[in-house]
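K.L.:
PDB, C-alpha atoms, file target-v2.pdb:
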ATOM      1  CA  MET A   1      25.402  27.333 -41.757
ATOM      2  CA  THR A   2      22.253  29.304 -42.437
ATOM      3  CA  THR A   3      19.282  29.637 -40.103
ATOM      4  CA  PRO A   4      17.216  26.422 -40.113
ATOM      5  CA  PRO A   5      13.507  26.863 -40.912
ATOM      6  CA  GLY A   6      10.529  26.400 -38.635
ATOM      7  CA  PRO A   7      10.610  25.196 -35.015
ATOM      8  CA  ALA A   8      14.189  23.952 -35.323
ATOM      9  CA  ARG A   9      15.474  27.503 -35.757
ATOM     10  CA  ILE A  10      16.979  27.534 -32.257
ATOM     11  CA  PRO A  11      20.295  25.707 -32.797
ATOM     12  CA  HIS A  12      20.834  22.417 -31.034
ATOM     13  CA  ARG A  13      23.890  21.941 -28.918
ATOM     14  CA  ILE A  14      26.991  21.061 -30.902
ATOM     15  CA  GLY A  15      30.192  20.884 -28.921
ATOM     16  CA  GLY A  16      30.988  21.297 -25.254
ATOM     17  CA  ALA A  17      31.184  24.216 -22.869
ATOM     18  CA  THR A  18      32.173  25.007 -19.299
ATOM     19  CA  PRO A  19      29.022  26.343 -17.622
ATOM     20  CA  VAL A  20      29.234  28.619 -14.567
ATOM     21  CA  GLY A  21      26.030  27.271 -13.030
ATOM     22  CA  THR A  22      23.356  24.668 -13.539
ATOM     23  CA  ALA A  23      20.255  25.771 -11.594
ATOM     24  CA  GLY A  24      17.446  28.009 -12.786
ATOM     25  CA  GLU A  25      15.735  29.082 -15.995
ATOM     26  CA  VAL A  26      17.041  28.879 -19.544
ATOM     27  CA  ALA A  27      18.396  32.145 -20.923
ATOM     28  CA  ALA A  28      19.442  33.341 -24.372
ATOM     29  CA  PHE A  29      22.295  35.862 -24.214
ATOM     30  CA  PHE A  30      22.679  38.083 -27.270
ATOM     31  CA  ASP A  31      25.503  40.397 -28.246
ATOM     32  CA  LEU A  32      24.137  43.524 -29.954
ATOM     33  CA  ASP A  33      26.418  44.913 -32.692
ATOM     34  CA  HIS A  34      26.455  42.787 -35.876
ATOM     35  CA  THR A  35      24.529  40.053 -34.052
ATOM     36  CA  ILE A  36      21.131  41.680 -33.548
ATOM     37  CA  ILE A  37      21.726  44.882 -35.497
ATOM     38  CA  ALA A  38      23.684  45.324 -38.725
ATOM     39  CA  THR A  39      25.727  48.216 -37.369
ATOM     40  CA  SER A  40      27.601  49.454 -34.303
ATOM     41  CA  ALA A  41      25.211  51.092 -31.848
ATOM     42  CA  SER A  42      27.917  53.321 -30.390
ATOM     43  CA  PHE A  43      29.083  54.691 -33.735
ATOM     44  CA  ALA A  44      25.535  55.163 -34.988
ATOM     45  CA  PHE A  45      24.733  57.288 -31.964
ATOM     46  CA  ASN A  46      28.118  59.057 -32.019
ATOM     47  CA  ALA A  47      27.411  60.329 -35.529
ATOM     48  CA  GLU A  48      24.295  61.973 -34.133
ATOM     49  CA  PHE A  49      26.297  63.443 -31.246
ATOM     50  CA  ILE A  50      28.520  65.111 -33.850
ATOM     51  CA  ARG A  51      25.487  66.453 -35.712
ATOM     52  CA  ASN A  52      24.216  67.939 -32.452
ATOM     53  CA  GLY A  53      27.581  69.546 -31.735
ATOM     54  CA  MET A  54      28.152  67.341 -28.698
ATOM     55  CA  MET A  55      31.222  65.498 -29.997
ATOM     56  CA  SER A  56      34.089  66.329 -32.328
ATOM     57  CA  ARG A  57      34.930  64.352 -35.444
ATOM     58  CA  ARG A  58      38.435  63.943 -34.049
ATOM     59  CA  THR A  59      37.054  62.156 -30.972
ATOM     60  CA  LEU A  60      34.961  59.868 -33.159
ATOM     61  CA  ALA A  61      37.995  59.067 -35.320
ATOM     62  CA  LYS A  62      40.105  58.228 -32.264
ATOM     63  CA  THR A  63      37.358  56.014 -30.895
ATOM     64  CA  ALA A  64      37.059  54.223 -34.243
ATOM     65  CA  VAL A  65      40.807  53.518 -34.337
ATOM     66  CA  ALA A  66      40.780  52.215 -30.765
ATOM     67  CA  LYS A  67      37.759  49.996 -31.439
ATOM     68  CA  LEU A  68      39.446  48.587 -34.536
ATOM     69  CA  ALA A  69      42.583  47.859 -32.515
ATOM     70  CA  VAL A  70      40.574  46.034 -29.859
ATOM     71  CA  GLU A  71      38.764  43.914 -32.449
ATOM     72  CA  VAL A  72      41.910  43.035 -34.403
ATOM     73  CA  VAL A  73      44.177  42.467 -31.379
ATOM     74  CA  PRO A  74      41.779  41.496 -28.581
ATOM     75  CA  SER A  75      44.537  40.337 -26.254
ATOM     76  CA  GLU A  76      46.082  43.803 -26.022
ATOM     77  CA  VAL A  77      44.915  45.137 -22.639
ATOM     78  CA  GLY A  78      46.350  48.555 -23.481
ATOM     79  CA  ASP A  79      44.137  48.869 -26.553
ATOM     80  CA  THR A  80      41.109  47.840 -24.517
ATOM     81  CA  GLN A  81      41.851  50.454 -21.866
ATOM     82  CA  ARG A  82      42.346  53.071 -24.579
ATOM     83  CA  ALA A  83      38.961  52.290 -26.058
ATOM     84  CA  MET A  84      37.387  52.498 -22.597
ATOM     85  CA  ASP A  85      38.996  55.874 -21.884
ATOM     86  CA  LEU A  86      37.929  57.308 -25.237
ATOM     87  CA  ALA A  87      34.375  56.056 -24.812
ATOM     88  CA  GLY A  88      34.136  57.770 -21.446
ATOM     89  CA  ASN A  89      35.769  60.992 -22.626
ATOM     90  CA  ALA A  90      33.406  61.166 -25.596
ATOM     91  CA  VAL A  91      30.496  62.072 -23.286
ATOM     92  CA  ARG A  92      32.422  63.828 -20.504
ATOM     93  CA  GLY A  93      30.626  66.971 -19.402
ATOM     94  CA  MET A  94      27.292  65.908 -20.905
ATOM     95  CA  THR A  95      24.267  65.181 -18.748
ATOM     96  CA  ARG A  96      22.293  61.962 -18.832
ATOM     97  CA  ALA A  97      19.301  63.913 -20.168
ATOM     98  CA  GLU A  98      21.355  65.264 -23.093
ATOM     99  CA  VAL A  99      22.614  61.820 -24.045
ATOM    100  CA  GLN A 100      19.164  60.279 -23.649
ATOM    101  CA  ARG A 101      17.628  62.930 -25.902
ATOM    102  CA  VAL A 102      20.054  62.108 -28.717
ATOM    103  CA  VAL A 103      19.541  58.369 -28.197
ATOM    104  CA  ASP A 104      15.755  58.712 -28.335
ATOM    105  CA  GLU A 105      15.884  60.889 -31.455
ATOM    106  CA  THR A 106      18.316  58.561 -33.210
ATOM    107  CA  LEU A 107      16.931  55.176 -32.243
ATOM    108  CA  GLU A 108      14.026  54.984 -34.671
ATOM    109  CA  GLU A 109      15.834  56.587 -37.613
ATOM    110  CA  ILE A 110      19.181  54.798 -37.440
ATOM    111  CA  ILE A 111      18.953  51.678 -35.275
ATOM    112  CA  THR A 112      15.544  50.047 -35.687
ATOM    113  CA  PRO A 113      15.779  49.857 -39.516
ATOM    114  CA  LYS A 114      18.968  47.800 -39.135
ATOM    115  CA  VAL A 115      17.684  44.931 -36.971
ATOM    116  CA  PHE A 116      18.409  41.565 -38.592
ATOM    117  CA  THR A 117      15.206  39.738 -39.531
ATOM    118  CA  GLU A 118      16.852  36.464 -38.550
ATOM    119  CA  ALA A 119      17.676  37.871 -35.102
ATOM    120  CA  LYS A 120      14.096  39.022 -34.564
ATOM    121  CA  GLU A 121      12.833  35.550 -35.481
ATOM    122  CA  LEU A 122      15.378  33.875 -33.225
ATOM    123  CA  ILE A 123      14.458  36.103 -30.286
ATOM    124  CA  ALA A 124      10.781  35.324 -30.923
ATOM    125  CA  ASP A 125      11.589  31.591 -30.907
ATOM    126  CA  HIS A 126      13.294  31.861 -27.529
ATOM    127  CA  ARG A 127      10.449  33.857 -26.069
ATOM    128  CA  ARG A 128       7.892  31.324 -27.301
ATOM    129  CA  ALA A 129       9.987  28.632 -25.616
ATOM    130  CA  GLY A 130       9.733  30.557 -22.346
ATOM    131  CA  HIS A 131      13.430  31.464 -22.310
ATOM    132  CA  SER A 132      14.704  34.677 -20.758
ATOM    133  CA  VAL A 133      16.223  36.956 -23.431
ATOM    134  CA  VAL A 134      19.238  39.012 -22.331
ATOM    135  CA  VAL A 135      21.136  41.618 -24.389
ATOM    136  CA  LEU A 136      24.789  42.188 -23.435
ATOM    137  CA  SER A 137      26.718  44.932 -25.207
ATOM    138  CA  ALA A 138      29.893  46.968 -24.871
ATOM    139  CA  ALA A 139      27.834  50.012 -25.868
ATOM    140  CA  ALA A 140      26.775  52.357 -23.079
ATOM    141  CA  SER A 141      23.744  51.233 -21.088
ATOM    142  CA  GLU A 142      21.966  54.431 -22.090
ATOM    143  CA  MET A 143      22.145  53.212 -25.689
ATOM    144  CA  VAL A 144      21.467  49.529 -25.016
ATOM    145  CA  GLN A 145      18.403  49.967 -22.800
ATOM    146  CA  PRO A 146      15.954  51.386 -25.381
ATOM    147  CA  ILE A 147      17.092  48.899 -28.043
ATOM    148  CA  ALA A 148      16.686  45.978 -25.648
ATOM    149  CA  ARG A 149      13.231  47.217 -24.684
ATOM    150  CA  MET A 150      12.112  47.537 -28.297
ATOM    151  CA  LEU A 151      13.325  43.995 -28.961
ATOM    152  CA  GLY A 152      11.345  42.722 -25.986
ATOM    153  CA  ALA A 153      14.409  41.548 -24.035
ATOM    154  CA  ASP A 154      13.846  40.589 -20.411
ATOM    155  CA  GLN A 155      17.174  41.982 -19.211
ATOM    156  CA  PHE A 156      20.145  43.888 -20.554
ATOM    157  CA  ARG A 157      23.570  45.083 -19.497
ATOM    158  CA  GLY A 158      25.841  47.593 -21.162
ATOM    159  CA  THR A 159      28.932  49.590 -20.285
ATOM    160  CA  GLU A 160      28.298  51.820 -17.269
ATOM    161  CA  LEU A 161      29.439  55.444 -17.543
ATOM    162  CA  GLU A 162      30.129  57.283 -14.292
ATOM    163  CA  VAL A 163      27.946  60.304 -13.482
ATOM    164  CA  GLY A 164      29.247  62.902 -11.026
ATOM    165  CA  PRO A 165      27.296  64.698  -8.280
ATOM    166  CA  ASP A 166      26.635  67.553 -10.726
ATOM    167  CA  GLY A 167      24.713  65.159 -12.977
ATOM    168  CA  GLN A 168      27.383  65.224 -15.711
ATOM    169  CA  TYR A 169      29.411  62.293 -17.017
ATOM    170  CA  THR A 170      32.901  62.337 -15.507
ATOM    171  CA  GLY A 171      34.591  60.506 -18.387
ATOM    172  CA  ALA A 172      35.258  57.457 -16.196
ATOM    173  CA  ILE A 173      33.780  54.008 -16.764
ATOM    174  CA  SER A 174      32.573  52.044 -13.761
ATOM    175  CA  PHE A 175      31.896  48.803 -15.641
ATOM    176  CA  TYR A 176      32.987  47.748 -19.128
ATOM    177  CA  CYS A 177      30.642  45.123 -20.587
ATOM    178  CA  TRP A 178      33.229  43.580 -22.909
ATOM    179  CA  ALA A 179      35.053  40.214 -23.037
ATOM    180  CA  ASP A 180      35.283  38.836 -19.472
ATOM    181  CA  GLY A 181      33.080  41.728 -18.375
ATOM    182  CA  LYS A 182      30.142  40.035 -20.112
ATOM    183  CA  VAL A 183      30.757  36.906 -18.050
ATOM    184  CA  ASP A 184      30.659  39.075 -14.926
ATOM    185  CA  ALA A 185      27.378  40.539 -16.177
ATOM    186  CA  MET A 186      25.958  37.044 -16.743
ATOM    187  CA  ARG A 187      26.863  36.007 -13.215
ATOM    188  CA  SER A 188      25.470  39.211 -11.754
ATOM    189  CA  LEU A 189      22.151  38.765 -13.546
ATOM    190  CA  ALA A 190      22.034  35.107 -12.481
ATOM    191  CA  GLU A 191      22.294  36.167  -8.832
ATOM    192  CA  LYS A 192      18.979  37.998  -9.213
ATOM    193  CA  ALA A 193      17.256  35.270 -11.261
ATOM    194  CA  PRO A 194      18.999  31.840 -11.252
ATOM    195  CA  VAL A 195      20.026  30.613 -14.710
ATOM    196  CA  ASP A 196      20.718  27.074 -15.912
ATOM    197  CA  PHE A 197      23.809  27.952 -17.933
ATOM    198  CA  SER A 198      24.289  24.395 -19.182
ATOM    199  CA  ALA A 199      20.894  24.614 -20.935
ATOM    200  CA  SER A 200      21.226  28.248 -22.021
ATOM    201  CA  TYR A 201      22.260  29.881 -25.303
ATOM    202  CA  ALA A 202      24.635  32.664 -26.317
ATOM    203  CA  TYR A 203      25.059  34.454 -29.662
ATOM    204  CA  SER A 204      27.858  36.739 -30.855
ATOM    205  CA  ASP A 205      29.880  37.808 -33.880
ATOM    206  CA  SER A 206      33.175  38.606 -32.152
ATOM    207  CA  ASP A 207      36.059  36.617 -30.713
ATOM    208  CA  SER A 208      36.042  39.025 -27.758
ATOM    209  CA  ASP A 209      32.848  37.205 -26.703
ATOM    210  CA  ILE A 210      34.429  33.750 -26.611
ATOM    211  CA  PRO A 211      34.393  33.926 -22.767
ATOM    212  CA  MET A 212      30.621  34.601 -22.869
ATOM    213  CA  LEU A 213      29.994  31.851 -25.413
ATOM    214  CA  GLY A 214      32.013  29.394 -23.355
ATOM    215  CA  GLN A 215      29.748  29.780 -20.333
ATOM    216  CA  VAL A 216      26.657  28.202 -21.892
ATOM    217  CA  GLY A 217      25.710  24.782 -23.193
ATOM    218  CA  HIS A 218      24.591  26.186 -26.559
ATOM    219  CA  PRO A 219      27.133  28.706 -27.916
ATOM    220  CA  VAL A 220      26.432  30.034 -31.418
ATOM    221  CA  ALA A 221      28.615  32.205 -33.665
ATOM    222  CA  VAL A 222      26.629  34.752 -35.696
ATOM    223  CA  ASN A 223      28.313  36.480 -38.647
ATOM    224  CA  PRO A 224      31.609  35.603 -36.952
ATOM    225  CA  ASN A 225      34.832  37.477 -37.503
ATOM    226  CA  ARG A 226      37.861  35.470 -38.575
ATOM    227  CA  LEU A 227      39.073  34.506 -35.094
ATOM    228  CA  LEU A 228      35.636  33.531 -33.813
ATOM    229  CA  ARG A 229      34.912  31.517 -36.960
ATOM    230  CA  ARG A 230      38.112  29.558 -36.431
ATOM    231  CA  GLU A 231      37.243  28.980 -32.770
ATOM    232  CA  ALA A 232      33.698  27.896 -33.651
ATOM    233  CA  VAL A 233      34.951  25.402 -36.221
ATOM    234  CA  GLU A 234      37.479  23.956 -33.766
ATOM    235  CA  ARG A 235      34.890  23.585 -30.995
ATOM    236  CA  GLY A 236      32.051  22.454 -33.237
ATOM    237  CA  TRP A 237      29.849  25.458 -32.434
ATOM    238  CA  PRO A 238      27.013  26.255 -34.869
ATOM    239  CA  ILE A 239      27.599  29.204 -37.212
ATOM    240  CA  LEU A 240      24.685  31.357 -38.366
ATOM    241  CA  GLU A 241      24.802  33.981 -41.101
ATOM    242  CA  PHE A 242      22.359  36.898 -40.691
ATOM    243  CA  SER A 243      22.046  39.129 -43.765
ATOM    244  CA  LYS A 244      18.583  40.695 -43.906
ATOM    245  CA  PRO A 245      18.246  43.872 -41.821
ATOM    246  CA  THR A 246      14.698  45.219 -41.812
ATOM    247  CA  PRO A 247      12.813  47.857 -39.787
ATOM    248  CA  LEU A 248      11.717  46.644 -36.375
ATOM    249  CA  PHE A 249       8.353  48.339 -36.940
ATOM    250  CA  PRO A 250       6.688  49.326 -40.254
ATOM    251  CA  SER A 251       7.790  52.839 -41.282
ATOM    252  CA  SER A 252       4.242  53.724 -42.260
ATOM    253  CA  MET A 253       2.988  53.180 -38.714
ATOM    254  CA  PRO A 254       2.526  56.392 -36.650
ATOM    255  CA  LYS A 255       4.790  56.678 -33.606
ATOM    256  CA  THR A 256       1.867  56.503 -31.171
ATOM    257  CA  MET A 257       0.700  53.258 -32.757
ATOM    258  CA  ARG A 258       4.229  51.854 -32.659
ATOM    259  CA  GLY A 259       4.366  52.596 -28.944
ATOM    260  CA  LYS A 260       1.052  50.841 -28.359
ATOM    261  CA  LEU A 261       2.197  47.871 -30.456
ATOM    262  CA  LYS A 262       5.419  47.679 -28.461
ATOM    263  CA  ASP A 263       3.486  47.678 -25.160
ATOM    264  CA  LYS A 264       1.214  44.940 -26.546
ATOM    265  CA  LEU A 265       4.226  42.856 -27.606
ATOM    266  CA  ASP A 266       5.774  43.263 -24.155
ATOM    267  CA  ASN A 267       2.568  42.157 -22.404
ATOM    268  CA  SER A 268       2.146  39.254 -24.829
ATOM    269  CA  ALA A 269       5.703  38.088 -24.159
ATOM    270  CA  ILE A 270       5.109  38.120 -20.394
ATOM    271  CA  THR A 271       1.932  36.085 -20.843
ATOM    272  CA  THR A 272       3.651  33.615 -23.188
ATOM    273  CA  ARG A 273       6.530  33.033 -20.786
ATOM    274  CA  ALA A 274       4.126  32.607 -17.856
ATOM    275  CA  LYS A 275       2.121  30.001 -19.798
ATOM    276  CA  ALA A 276       5.299  28.164 -20.807
ATOM    277  CA  ARG A 277       6.506  28.030 -17.197
ATOM    278  CA  THR A 278       3.082  26.792 -16.013
ATOM    279  CA  ALA A 279       3.156  24.026 -18.622
ATOM    280  CA  MET A 280       6.680  23.020 -17.621
ATOM    281  CA  ASP A 281       5.722  22.962 -13.915
ATOM    282  CA  ALA A 282       2.725  20.741 -14.688
ATOM    283  CA  LEU A 283       4.894  18.402 -16.758
ATOM    284  CA  ASN A 284       7.484  18.139 -13.994
ATOM    285  CA  GLN A 285       4.798  17.318 -11.445
ATOM    286  CA  ARG A 286       3.574  14.413 -13.594
ATOM    287  CA  ARG A 287       7.043  12.924 -13.970
ATOM    288  CA  PRO A 288       7.832   9.968 -11.676
ATOM    289  CA  GLN A 289      10.189  10.915  -8.864
TER     290      GLN A 289
END
Take the structure in the file and give it back as structure tokens.
P.N.:
Amino acid sequence: MTTPPGPARIPHRIGGATPVGTAGEVAAFFDLDHTIIATSASFAFNAEFIRNGMMSRRTLAKTAVAKLAVEVVPSEVGDTQRAMDLAGNAVRGMTRAEVQRVVDETLEEIITPKVFTEAKELIADHRRAGHSVVVLSAAASEMVQPIARMLGADQFRGTELEVGPDGQYTGAISFYCWADGKVDAMRSLAEKAPVDFSASYAYSDSDSDIPMLGQVGHPVAVNPNRLLRREAVERGWPILEFSKPTPLFPSSMPKTMRGKLKDKLDNSAITTRAKARTAMDALNQRRPQ
């Protein structure tokens, strides 16, 4: 099913779910890779780590094999642990500042040109509706944070890499934002700002995110892999196909202007959500008790 036009672009609920909570605001939870962006954030950044001499091609190849194994055989806990270990070891000995420098230098050149137009429009729809937009990704938080900010997300959660007392990554992972880990992230975020999961939305391309999709009243498969497509068909979940990656900001715009535009978009989103909540509060007050 392709993205519907106009105001109906946010998919309506089709099929059931088992929500984890029912009080609070409506949220839209988005996976990142192949859902919002037409690439893998981790591998895009890892290629730059290699170019900067901070990672070997052998490490990247091992990580790629482990990631493939996890995606093809998601039930294999051993493969998941292997991918986690390799992800941590890939940055072991680096400092947060070194990783952040590569992320900042790579973001505009490699990531922002690959944002799906359909995803940008869908995120804009949710924000206009006053929904909280949350990005959940298995990529490291250091990589997810700037992407989420540029997209105007309200919250994000990524895989947490352990930093030692010397300021260097130890190679260990303190939290893996993958599969059931994304459900844990959803619950953790909901503790800070209550979420009505039965009225909320979730979007992903991978069967590893079936636990996340199953926690909301409006699960949606985006560019689904084979196993998720089968699950979506069986459960009656909507299926969206995103195929038009475009730059998040015009390439002709100077960086300083892009930064100002981003700040303006952020402020506009806050104002829009505040107005939407005010309108909803006024409507609720007028309803008969």
K.L.:
Would you be able to write out as a compact mmCIF listing (two decimals) with C-alpha atoms, in the frame of the given file which residues have an atom within 12 Å of (32.2, 31.4, -19.9) in the file's coordinates, counting all atoms listed in the file?
P.N.:
# COMPACT_ATOMS: atom_id res chain seq x y z
CA GLY A 16 30.99 21.30 -25.25
CA ALA A 17 31.18 24.22 -22.87
CA THR A 18 32.17 25.01 -19.30
CA PRO A 19 29.02 26.34 -17.62
CA VAL A 20 29.23 28.62 -14.57
CA GLY A 21 26.03 27.27 -13.03
CA PHE A 29 22.30 35.86 -24.21
CA ALA A 179 35.05 40.21 -23.04
CA ASP A 180 35.28 38.84 -19.47
CA GLY A 181 33.08 41.73 -18.38
CA LYS A 182 30.14 40.03 -20.11
CA VAL A 183 30.76 36.91 -18.05
CA ASP A 184 30.66 39.08 -14.93
CA ALA A 185 27.38 40.54 -16.18
CA MET A 186 25.96 37.04 -16.74
CA ARG A 187 26.86 36.01 -13.22
CA PHE A 197 23.81 27.95 -17.93
CA SER A 198 24.29 24.40 -19.18
CA SER A 200 21.23 28.25 -22.02
CA TYR A 201 22.26 29.88 -25.30
CA ALA A 202 24.64 32.66 -26.32
CA SER A 208 36.04 39.02 -27.76
CA ASP A 209 32.85 37.20 -26.70
CA ILE A 210 34.43 33.75 -26.61
CA PRO A 211 34.39 33.93 -22.77
CA MET A 212 30.62 34.60 -22.87
CA LEU A 213 29.99 31.85 -25.41
CA GLY A 214 32.01 29.39 -23.36
CA GLN A 215 29.75 29.78 -20.33
CA VAL A 216 26.66 28.20 -21.89
CA GLY A 217 25.71 24.78 -23.19
CA HIS A 218 24.59 26.19 -26.56
CA PRO A 219 27.13 28.71 -27.92
K.L.:
In Å, with one decimal, what is the gap from atom CA of Leu161 of chain A to atom CA of Val103 of chain A?
P.N.:
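According to the coordinates, atom CA of Leu161 of chain A and atom CA of Val103 of chain A are separated by 14.8 Å.
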K.L.:
What gap, in Å, lies between atom CA of Ala153 of chain A and atom CA of Thr35 of chain A?
P.N.:
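Calculated distance between atom CA of Ala153 of chain A and atom CA of Thr35 of chain A is 14.3 Å.
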K.L.:
Could you give me, as number ranges by chain, the residues within 9 Å of Ile123 of chain A, counting only C-alpha atoms and dropping anything in the same chain fewer than 4 positions from it?
P.N.:
A: 28, 30, 118-119, 127-128, 133, 151-153
K.L.:
A:Val220, A:Ala172, A:Leu228, A:Val195: which is nearest Ala90 of chain A, counting all atoms listed in the file?
P.N.:
A:Ala172
K.L.:
What gap, in Å, lies between atom CA of Ala221 of chain A and atom CA of Ser40 of chain A?
P.N.:
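Separating atom CA of Ala221 of chain A from atom CA of Ser40 of chain A is a distance of 17.3 Å.
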K.L.:
Using all atoms listed in the file, which residue out of A:Gly93, A:Met150, A:Tyr176, A:Val102 lies closest to Lys120 of chain A?
P.N.:
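Closest to Lys120 of chain A of all the choices is A:Met150.
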K.L.:
Please expand the PyMOL selection byres ((chain A and resi 166) around 12) into the concrete residues it hits in this file, giving the result as a list of chain:residue names.
P.N.:
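When the PyMOL selection byres ((chain A and resi 166) around 12) is applied to the shown file, the picked residues are A:Arg92, A:Gly93, A:Met94, A:Thr95, A:Arg96, A:Glu162, A:Val163, A:Gly164, A:Pro165, A:Gly167, A:Gln168, A:Tyr169, A:Thr170.
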K.L.:
Could you work out an axis-aligned box for segment 234-248 of chain A, taking every atom the file lists and adding 3 Å on each side, and report centre and edge lengths in Å to one decimal, as AutoDock Vina command-line options?
P.N.:
--center_x 24.6 --center_y 35.2 --center_z -37.5 --size_x 31.8 --size_y 31.4 --size_z 18.9
K.L.:
Considering only C-alpha atoms, state which residue in the set A:Gln145, A:Lys192, A:Asp33, A:Trp178 is at the smallest distance from Pro224 of chain A.
P.N.:
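Answer, going by the shortest atom-to-atom distance: A:Asp33.
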K.L.:
Run through the PyMOL selection byres ((chain A and resi 227) around 10) on the given coordinates and return the selected residues as a list in words.
P.N.:
Glu71, Val72, Pro74, Asp205, Ser206, Asp207, Ser208, Ile210, Pro224, Asn225, Arg226, Leu228, Arg229, Arg230, Glu231 and Ala232 of chain A
K.L.:
Smallest atom-to-atom distance to Arg157 of chain A: which of A:Leu107, A:Leu189, A:Ile10, A:Ile239, using all atoms listed in the file?
P.N.:
A:Leu189
K.L.:
Evaluate the PyMOL selection byres ((chain A and resi 143) around 12) against this structure - the residues, as a ChimeraX atom specification, please.
P.N.:
/A:32-33,40-46,96,99-107,111,135-142,144-150,156-161
K.L.:
Kindly output segment 153-164 of chain A as a compact mmCIF listing (two decimals), keeping the file's coordinate frame, after building N, CA, C and O atoms.
P.N.:
# COMPACT_ATOMS: atom_id res chain seq x y z
N ALA A 153 13.50 42.30 -24.90
CA ALA A 153 14.41 41.55 -24.04
C ALA A 153 13.95 41.65 -22.59
O ALA A 153 13.39 42.66 -22.16
N ASP A 154 14.21 40.60 -21.83
CA ASP A 154 13.85 40.59 -20.41
C ASP A 154 14.85 41.37 -19.57
O ASP A 154 14.48 42.00 -18.58
N GLN A 155 16.12 41.28 -19.95
CA GLN A 155 17.17 41.98 -19.21
C GLN A 155 18.23 42.48 -20.20
O GLN A 155 18.30 42.01 -21.33
N PHE A 156 19.04 43.39 -19.73
CA PHE A 156 20.14 43.89 -20.55
C PHE A 156 21.26 44.35 -19.63
O PHE A 156 21.07 44.59 -18.45
N ARG A 157 22.43 44.49 -20.21
CA ARG A 157 23.57 45.08 -19.50
C ARG A 157 24.49 45.69 -20.53
O ARG A 157 24.81 45.07 -21.55
N GLY A 158 24.91 46.91 -20.29
CA GLY A 158 25.84 47.59 -21.16
C GLY A 158 26.96 48.20 -20.34
O GLY A 158 27.02 48.01 -19.12
N THR A 159 27.85 48.91 -20.99
CA THR A 159 28.93 49.59 -20.28
C THR A 159 28.35 50.72 -19.45
O THR A 159 27.51 51.48 -19.91
N GLU A 160 28.82 50.82 -18.20
CA GLU A 160 28.30 51.82 -17.27
C GLU A 160 29.23 53.03 -17.22
O GLU A 160 30.40 52.91 -16.89
N LEU A 161 28.68 54.20 -17.57
CA LEU A 161 29.44 55.44 -17.54
C LEU A 161 29.18 56.17 -16.23
O LEU A 161 28.04 56.30 -15.79
N GLU A 162 30.24 56.64 -15.61
CA GLU A 162 30.13 57.28 -14.29
C GLU A 162 29.53 58.69 -14.41
O GLU A 162 29.92 59.47 -15.28
N VAL A 163 28.57 58.99 -13.54
CA VAL A 163 27.95 60.30 -13.48
C VAL A 163 28.32 60.96 -12.16
O VAL A 163 28.18 60.35 -11.09
N GLY A 164 28.82 62.19 -12.22
CA GLY A 164 29.25 62.90 -11.03
C GLY A 164 28.08 63.50 -10.26
O GLY A 164 26.93 63.47 -10.71
